[in-house]
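Comments concern the structure below.
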Amino acid sequence: MEMGIPMGRREQERRWRRQYILNVAERLFARKGYHQTTMAEISKASEFGMATIYQFFKSKEKIYIAIFNEKLDLLIRFVEEAVKRAKDPVEKIKVILKANFDFFKQHQDFFKLYSMEREAIAVIIKEDLGKGIYKKHHQGIKLVAEVIEEGIKRGYFHPLPPKDVAILFLGMMEEYINTWIKEDVDWEQKLKIITEVFLNGILNRKHQGERNV
């Protein structure tokens with residue numbers, strides 16, 4: 001949509017249909033798994049004919065990739081906005097954790113799909129169709145690595161390789177969420193645990209008192 005020019009009704013309808021198909025497919029993938037879900041089931045659940053589905057997506061794989069690309073875009077923007085409001089590296093680490101937890105609480109179907117289908121994702125992102133997902137993953141690593149590097153320069157964190165620390169941080173967070181999303185847990189308590197454990201490992205002694213959430 002160009003600046004100042006309202007979107008036409010036909011274009012609004014087209015975008016709504018596309019998003020509705022993605023929402024329906026996401027719920028089915030999360031419930032049944034990617035491989036067990038068919039295009040026919042997506043058509044039936046969305047109440048759109050197969051011809052309409054194929055107008056937007058030529059295959060189930062393209063639906064799957066579109067879901068991941070759009071959700072990861074949302075997550076990255078969500079985290080970036082949270083980081084902008086934080087005043088120092090310690091607070092930035094805390095808000096990155098909280099933003100990720102909040103996002104996945106709001107989009108549990110997406111994370112169930114992500115946690116269930118990690119092998120499928122690994123295969124798909126090696127292909128041209130999934131390169132966008134790969135880039136977004138590294139964008140998340142870069143964001144955390146920049147916070148770690150800032151913390152090292154300002155004397156908050158131990159002088160460790162920022163990218164390695166970022167990968168460790170994101171991997172730990174992902175594993176915890178992957179486990180907890182399948183259970184009925186106290187999310188706030190879990191957030192405190194992971195924040196305490198991670199910051200306790202990287203904070204310089206003079207900043208140890210700042211690790212409390």
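Chain labels A, B, ... are given in the sequence in which chains occur in the structure tokens; within each chain residues are numbered consecutively from 1, and ligands are likewise numbered from 1 in the order shown.
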
Original post:
Could you name the residues that touch range 137-139 of chain A at 9 Å or less, counting only C-alpha atoms, but leaving out those on the same chain fewer than 5 positions away, as an MDAnalysis selection string?
Top reply: chainID A and resid 72 76 132 144

Those selected residues, please, written with N, CA and C atoms and delivered as a PDB file, in the first residue's frame.
```
ATOM      1  N   LEU A  72       8.319 -15.225  12.618  1.00  0.00           N
ATOM      2  CA  LEU A  72       9.655 -14.793  13.027  1.00  0.00           C
ATOM      3  C   LEU A  72       9.841 -13.294  12.822  1.00  0.00           C
ATOM      4  N   ILE A  76      10.888 -10.902  15.922  1.00  0.00           N
ATOM      5  CA  ILE A  76      12.057 -10.026  15.867  1.00  0.00           C
ATOM      6  C   ILE A  76      11.665  -8.580  16.165  1.00  0.00           C
ATOM      7  N   GLY A 132      15.068 -17.491   3.937  1.00  0.00           N
ATOM      8  CA  GLY A 132      14.602 -16.369   4.748  1.00  0.00           C
ATOM      9  C   GLY A 132      14.555 -16.720   6.223  1.00  0.00           C
ATOM     10  N   VAL A 144      21.264 -10.493  19.968  1.00  0.00           N
ATOM     11  CA  VAL A 144      21.752 -10.853  21.310  1.00  0.00           C
ATOM     12  C   VAL A 144      23.259 -10.638  21.408  1.00  0.00           C
TER      13      VAL A 144
END
```

List the neighbours of Thr195 in chain A out to 12 Å using only C-alpha atoms; skip same-chain residues closer than 6 positions along the sequence, and give me the result as an mmCIF file with C-alpha atoms, in the first residue's frame.
```
data_model
loop_
_atom_site.group_PDB
_atom_site.id
_atom_site.type_symbol
_atom_site.label_atom_id
_atom_site.label_comp_id
_atom_site.auth_asym_id
_atom_site.auth_seq_id
_atom_site.Cartn_x
_atom_site.Cartn_y
_atom_site.Cartn_z
ATOM 1 C CA VAL A 90 21.584 -6.357 31.934
ATOM 2 C CA GLU A 91 18.105 -4.978 31.456
ATOM 3 C CA LYS A 92 18.312 -5.762 27.731
ATOM 4 C CA ILE A 93 19.007 -9.437 28.451
ATOM 5 C CA LYS A 94 16.039 -9.494 30.824
ATOM 6 C CA VAL A 95 13.674 -7.897 28.311
ATOM 7 C CA ILE A 96 14.856 -10.211 25.504
ATOM 8 C CA LEU A 97 13.955 -13.179 27.686
ATOM 9 C CA LYS A 98 10.630 -11.719 28.763
ATOM 10 C CA PHE A 101 8.377 -15.758 26.721
ATOM 11 C CA PHE A 169 21.587 -17.976 25.448
ATOM 12 C CA LEU A 170 19.081 -18.598 22.645
ATOM 13 C CA MET A 172 18.975 -22.503 26.510
ATOM 14 C CA MET A 173 15.899 -20.307 26.218
ATOM 15 C CA TYR A 176 13.274 -24.344 28.287
ATOM 16 C CA GLU A 188 6.871 -16.119 35.635
ATOM 17 C CA GLN A 189 8.756 -18.418 37.988
ATOM 18 C CA GLY A 201 27.164 -17.004 34.470
ATOM 19 C CA ILE A 202 28.151 -13.892 32.499
ATOM 20 C CA LEU A 203 27.951 -10.957 34.919
ATOM 21 C CA GLU A 210 21.784 -6.336 39.162
ATOM 22 C CA ARG A 211 20.728 -9.821 38.079
ATOM 23 C CA ASN A 212 17.479 -9.923 40.036
ATOM 24 C CA VAL A 213 14.387 -9.696 37.823
#
```

Subject >> 9 Å contact set for range 37-46 of chain A, only C-alpha atoms, chain neighbours under 5 positions out, as a PyMOL selection string >> reply: chain A and resi 20-21+23-25+28-29+32+52-53+59-60

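Nearest residue to Arg27 in chain A, choosing from A:Arg15, A:Lys135, A:Lys192, A:Lys112 and counting only C-alpha atoms: A:Lys112.
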
**OP:** For CA of Pro159 in chain A and CA of Phe198 in chain A, quote the distance in Å rounded to one decimal.
**Re:**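 Taking CA of Pro159 in chain A and CA of Phe198 in chain A, their separation equals 14.8 Å.
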